[in-house]
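A short write-up of the structure that comes next.
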Amino acid sequence: MTGGEMGSRKLSRSLGALLAAAVVLLALPPSEVVSIPATMLSAVATTGATPVNGPIATPVIGPVGAAIGESLIHSRVLNPASGRYESLDANIASTAVLIGDSQSAGAAGVRAADTWVERGLSFCGYAVKFVGASGTGFTRSSARFGNYPDALEEGQMVLPHGNPALVVFQGGGNDAAAGATDAEILTNAGRLLRGLRESYPNSQYLFIGTLARGGTAGGRRTEVDTLLAGFAHRNGADFISAGDWLTRYGLSNKMADGVHLTLEGHQILTKVLASRLKDLKLQGPGLQ
């Protein structure tokens with residue numbers, strides 16, 4: 001047998017192993033996910049190359065809900081305190097776990113990394129791990145992702161494992177738009193905070209309120225901002241109000257639509273948020 005024929009047979013075996021893993025994945029119910037070892041993928045991806053020596057590892061199967069944007073090759077570990085599977089993160093000590101909506105996820109052509117929330121946290125020395133989704137909130141779900149507490153409890157929201165430097169909740173705009181009541185928002189905010197404290201009992205917590213115009217022009221969005229301020233203070237979390245920022249910082253002409261900022265608007269509020277974080281002494285470990 002020639003060397004080329006041997007290489008082709010080995011590559012075929014690797015492809016077969018990967019296909020078998022995919023079959024297992026498809027056979028699982030929606031509440032489960034498979035973590036496929038990276039060595040299996042690398043052997044297949046390198047055309048004509050000899051696969052990694054030794055047997056290919058068996059896929060690790062655990063009851064973890066599939067999270068949007070979460071790669072299946074990342075390792076997961078069970079957190080016995082919460083009963084949830086979490087992803088390993090080598091930078092956890094400097095990580096800010098961010099739960100938010102499109103103000104954090106990005107919209108109107110602005111990337112998540114360029115939003116005022118993510119960039120403001122990054123500017124203050126945090127490695128941001130975003131686990132939210134556009135169109136969601138404390139009570140509001142999107143077509144693909146549950147509201148904040150539901151997504152956490154049902155496994156869509158995969159948290160990093162360990163002790164992050166900061167846990168951030170941003171939102172309220174979609175709840176305001178959907179007409180959620182104060183009681184509904186507070187109930188779900190309580191569920192969310194309790195769930196996160198199961199995973200992160202020693203982390204600092206921050207709520208960032210609802211971006212709005214302020215005063216009577218802010219309407220329900222400003223009311224939700226005030227509601228979240230009271231909740232945060234009663235539960236020992238820090239709070240940064242954004243309920244009048246559109247007016248205070250002259251951003252009416254920096255809106256891509258009625259809700260989302262242009263890139264220039266995000267850049268302006270990045271500096272504002274970074275300043276508020278500094279005032280609260282909430283800076284990443286490298287800047288303290």
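To be explicit about the labels: the chains of the structure tokens are called A, B, and onward in the order shown, and within each one the residues are counted from 1, while ligands get numbers from 1 in the order they are shown.
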(message) Would you pick out the contacts of region 216-222 of chain A at 6 Å or less, using only C-alpha atoms, so that residues sharing its chain but fewer than 2 positions from it are not included, and give the list as a VMD selection string?
(response) chain A and resid 173 176 212 to 214 224 to 225 243
Which residues of region 144-164 of chain A come within 9 Å of region 122-136 of chain A, and for each one, what is the closest pair of atoms and their distance in Å to one decimal, counting only C-alpha atoms, sorted by chain and residue number, as a Markdown table?
```
| residue | atom | partner | partner_atom | distance |
| --- | --- | --- | --- | --- |
| A:Arg144 | CA | A:Ala133 | CA | 8.8 |
| A:Phe145 | CA | A:Ala133 | CA | 6.8 |
| A:Gly146 | CA | A:Thr136 | CA | 7.0 |
| A:Asn147 | CA | A:Thr136 | CA | 5.4 |
| A:Tyr148 | CA | A:Thr136 | CA | 7.1 |
| A:Ala151 | CA | A:Gly132 | CA | 8.5 |
| A:Gln156 | CA | A:Val131 | CA | 8.9 |
| A:Met157 | CA | A:Val131 | CA | 5.8 |
| A:Val158 | CA | A:Val131 | CA | 6.9 |
| A:Leu159 | CA | A:Val131 | CA | 7.1 |
| A:Pro160 | CA | A:Lys129 | CA | 7.9 |
```
(message) Using DSSP secondary structure from the backbone, list all helix (DSSP H, G or I) positions within region 35-246 of chain A, as number ranges by chain.
(response) A: 38-45, 92-94, 102-105, 112-114, 116-123, 148-153, 173-177, 182-199, 215-234, 245-246
Selected residues written out with C-alpha atoms, as a CSV table (one decimal), in the first residue's frame:
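The new file part_36.csv reads:
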```
chain,number,residue,atom,x,y,z
A,38,ALA,CA,-10.4,19.8,19.6
A,39,THR,CA,-8.0,17.0,18.8
A,40,MET,CA,-10.7,15.2,16.9
A,41,LEU,CA,-11.4,18.2,14.8
A,42,SER,CA,-7.8,19.1,14.1
A,43,ALA,CA,-7.1,15.6,12.7
A,44,VAL,CA,-9.9,16.0,10.2
A,45,ALA,CA,-9.2,19.6,9.3
A,92,ILE,CA,-11.8,34.2,35.0
A,93,ALA,CA,-10.1,36.3,37.7
A,94,SER,CA,-10.2,39.4,35.5
A,102,SER,CA,-28.7,44.7,22.2
A,103,GLN,CA,-27.1,47.7,24.0
A,104,SER,CA,-24.4,45.1,24.9
A,105,ALA,CA,-24.8,42.7,22.0
A,112,ALA,CA,-20.7,43.8,20.5
A,113,ALA,CA,-17.0,44.7,21.1
A,114,ASP,CA,-17.8,48.3,20.2
A,116,TRP,CA,-20.7,51.3,25.2
A,117,VAL,CA,-21.2,48.5,27.7
A,118,GLU,CA,-18.6,46.1,26.5
A,119,ARG,CA,-16.0,48.7,25.6
A,120,GLY,CA,-16.6,50.6,28.9
A,121,LEU,CA,-15.9,47.4,30.9
A,122,SER,CA,-12.9,46.5,28.7
A,123,PHE,CA,-11.5,50.1,29.1
A,148,TYR,CA,-32.5,36.4,31.6
A,149,PRO,CA,-33.6,34.0,34.4
A,150,ASP,CA,-35.2,31.5,32.0
A,151,ALA,CA,-32.0,31.4,29.8
A,152,LEU,CA,-29.9,30.8,33.0
A,153,GLU,CA,-32.2,28.1,34.5
A,173,GLY,CA,-35.4,48.5,27.6
A,174,ASN,CA,-37.2,45.4,26.1
A,175,ASP,CA,-39.1,44.9,29.3
A,176,ALA,CA,-40.3,48.5,29.1
A,177,ALA,CA,-41.3,48.2,25.5
A,182,ASP,CA,-42.9,46.4,38.1
A,183,ALA,CA,-43.8,43.2,39.9
A,184,GLU,CA,-42.8,41.0,36.9
A,185,ILE,CA,-39.5,42.7,36.5
A,186,LEU,CA,-38.6,42.6,40.2
A,187,THR,CA,-39.6,38.9,40.4
A,188,ASN,CA,-37.4,37.9,37.6
A,189,ALA,CA,-34.6,40.1,38.7
A,190,GLY,CA,-34.7,38.3,42.0
A,191,ARG,CA,-34.6,34.9,40.3
A,192,LEU,CA,-31.7,36.0,38.2
A,193,LEU,CA,-29.6,37.4,41.1
A,194,ARG,CA,-30.2,34.3,43.2
A,195,GLY,CA,-29.2,32.0,40.4
A,196,LEU,CA,-26.0,33.9,39.7
A,197,ARG,CA,-25.1,34.0,43.4
A,198,GLU,CA,-25.2,30.2,43.4
A,199,SER,CA,-22.4,30.2,40.9
A,215,GLY,CA,-37.8,63.0,32.7
A,216,THR,CA,-41.2,62.7,31.1
A,217,ALA,CA,-39.5,62.1,27.7
A,218,GLY,CA,-38.0,58.9,29.1
A,219,GLY,CA,-41.3,57.3,29.7
A,220,ARG,CA,-41.4,53.7,30.9
A,221,ARG,CA,-37.7,53.2,30.1
A,222,THR,CA,-36.7,55.8,32.8
A,223,GLU,CA,-39.2,54.3,35.2
A,224,VAL,CA,-37.6,50.9,34.8
A,225,ASP,CA,-34.2,52.4,35.3
A,226,THR,CA,-35.4,53.8,38.7
A,227,LEU,CA,-37.0,50.5,39.5
A,228,LEU,CA,-33.7,48.6,39.0
A,229,ALA,CA,-31.8,51.1,41.0
A,230,GLY,CA,-34.0,50.3,44.1
A,231,PHE,CA,-33.7,46.6,43.5
A,232,ALA,CA,-29.9,46.8,43.2
A,233,HIS,CA,-29.5,48.9,46.4
A,234,ARG,CA,-31.8,46.6,48.4
A,245,TRP,CA,-28.0,59.7,29.4
A,246,LEU,CA,-29.5,60.4,26.0
```
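Between Arg276 (chain A) and the residues A:Ala242, A:Ala180, A:Leu78, A:Leu251, the shortest atom-to-atom distance, using only C-alpha atoms, involves A:Ala242.
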(message) as a list of chain:residue names, please: every residue in region 129-212 of chain A that DSSP puts in strand (DSSP E).
(response) A:Lys129, A:Phe130, A:Leu166, A:Val167, A:Val168, A:Phe169, A:Gln170, A:Gln204, A:Tyr205, A:Leu206, A:Phe207, A:Ile208
Could you turn the residues from that selection into a file that holds N, CA, C and O atoms, as a short mmCIF file (atom, residue, chain, number, x, y, z; two decimals), in the first residue's frame?
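out08.cif, freshly written:
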```
data_model
loop_
_atom_site.label_atom_id
_atom_site.label_comp_id
_atom_site.auth_asym_id
_atom_site.auth_seq_id
_atom_site.Cartn_x
_atom_site.Cartn_y
_atom_site.Cartn_z
N LYS A 129 -17.10 38.69 29.19
CA LYS A 129 -17.75 37.46 28.73
C LYS A 129 -19.24 37.74 28.65
O LYS A 129 -19.95 37.78 29.65
N PHE A 130 -19.72 37.97 27.43
CA PHE A 130 -21.14 38.29 27.22
C PHE A 130 -21.95 37.01 27.08
O PHE A 130 -21.65 36.17 26.24
N LEU A 166 -16.30 40.52 38.30
CA LEU A 166 -17.52 41.33 38.31
C LEU A 166 -18.61 40.61 37.53
O LEU A 166 -18.35 39.97 36.52
N VAL A 167 -19.85 40.73 38.02
CA VAL A 167 -21.02 40.23 37.31
C VAL A 167 -21.91 41.43 37.02
O VAL A 167 -22.28 42.17 37.93
N VAL A 168 -22.25 41.63 35.74
CA VAL A 168 -22.96 42.83 35.31
C VAL A 168 -24.30 42.46 34.69
O VAL A 168 -24.37 41.60 33.80
N PHE A 169 -25.37 43.13 35.13
CA PHE A 169 -26.69 43.01 34.52
C PHE A 169 -27.01 44.34 33.85
O PHE A 169 -27.00 45.39 34.50
N GLN A 170 -27.29 44.30 32.56
CA GLN A 170 -27.66 45.52 31.82
C GLN A 170 -28.96 45.23 31.11
O GLN A 170 -29.14 44.16 30.53
N GLN A 204 -18.35 40.58 42.85
CA GLN A 204 -19.06 41.85 42.96
C GLN A 204 -20.14 41.89 41.89
O GLN A 204 -19.97 41.36 40.79
N TYR A 205 -21.25 42.59 42.21
CA TYR A 205 -22.39 42.66 41.30
C TYR A 205 -22.71 44.11 40.96
O TYR A 205 -22.66 44.99 41.82
N LEU A 206 -23.07 44.32 39.68
CA LEU A 206 -23.40 45.65 39.19
C LEU A 206 -24.60 45.58 38.27
O LEU A 206 -24.65 44.75 37.37
N PHE A 207 -25.57 46.47 38.49
CA PHE A 207 -26.67 46.66 37.56
C PHE A 207 -26.44 47.96 36.81
O PHE A 207 -26.15 48.99 37.42
N ILE A 208 -26.56 47.90 35.49
CA ILE A 208 -26.54 49.10 34.65
C ILE A 208 -27.96 49.31 34.16
O ILE A 208 -28.57 48.42 33.55
#
```
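Across the model, the gap from CA of Ala274 (chain A) to CA of Lys254 (chain A) is 19.1 Å.
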(message) Would you pick out the contacts of His260 (chain A) at 7 Å or less, using only C-alpha atoms, so that residues sharing its chain but fewer than 5 positions from it are not included, and give the list as a VMD selection string?
(response) chain A and resid 107 to 108 255
Those selected residues, please, written with N, CA, C and O atoms and delivered as a short mmCIF file (atom, residue, chain, number, x, y, z; two decimals), in the first residue's frame.
```cif
data_model
loop_
_atom_site.label_atom_id
_atom_site.label_comp_id
_atom_site.auth_asym_id
_atom_site.auth_seq_id
_atom_site.Cartn_x
_atom_site.Cartn_y
_atom_site.Cartn_z
N ALA A 107 -26.06 46.38 17.67
CA ALA A 107 -27.18 46.49 16.75
C ALA A 107 -26.89 47.62 15.78
O ALA A 107 -25.96 48.42 15.99
N ALA A 108 -27.66 47.70 14.72
CA ALA A 108 -27.54 48.78 13.74
C ALA A 108 -26.12 48.92 13.20
O ALA A 108 -25.61 50.02 13.03
N MET A 255 -28.35 58.68 17.25
CA MET A 255 -29.18 57.47 17.29
C MET A 255 -29.31 56.89 15.89
O MET A 255 -29.62 57.59 14.92
#
```
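For the pair CA of Gly258 (chain A) and CA of Gly172 (chain A), the interatomic distance is 15.4 Å.
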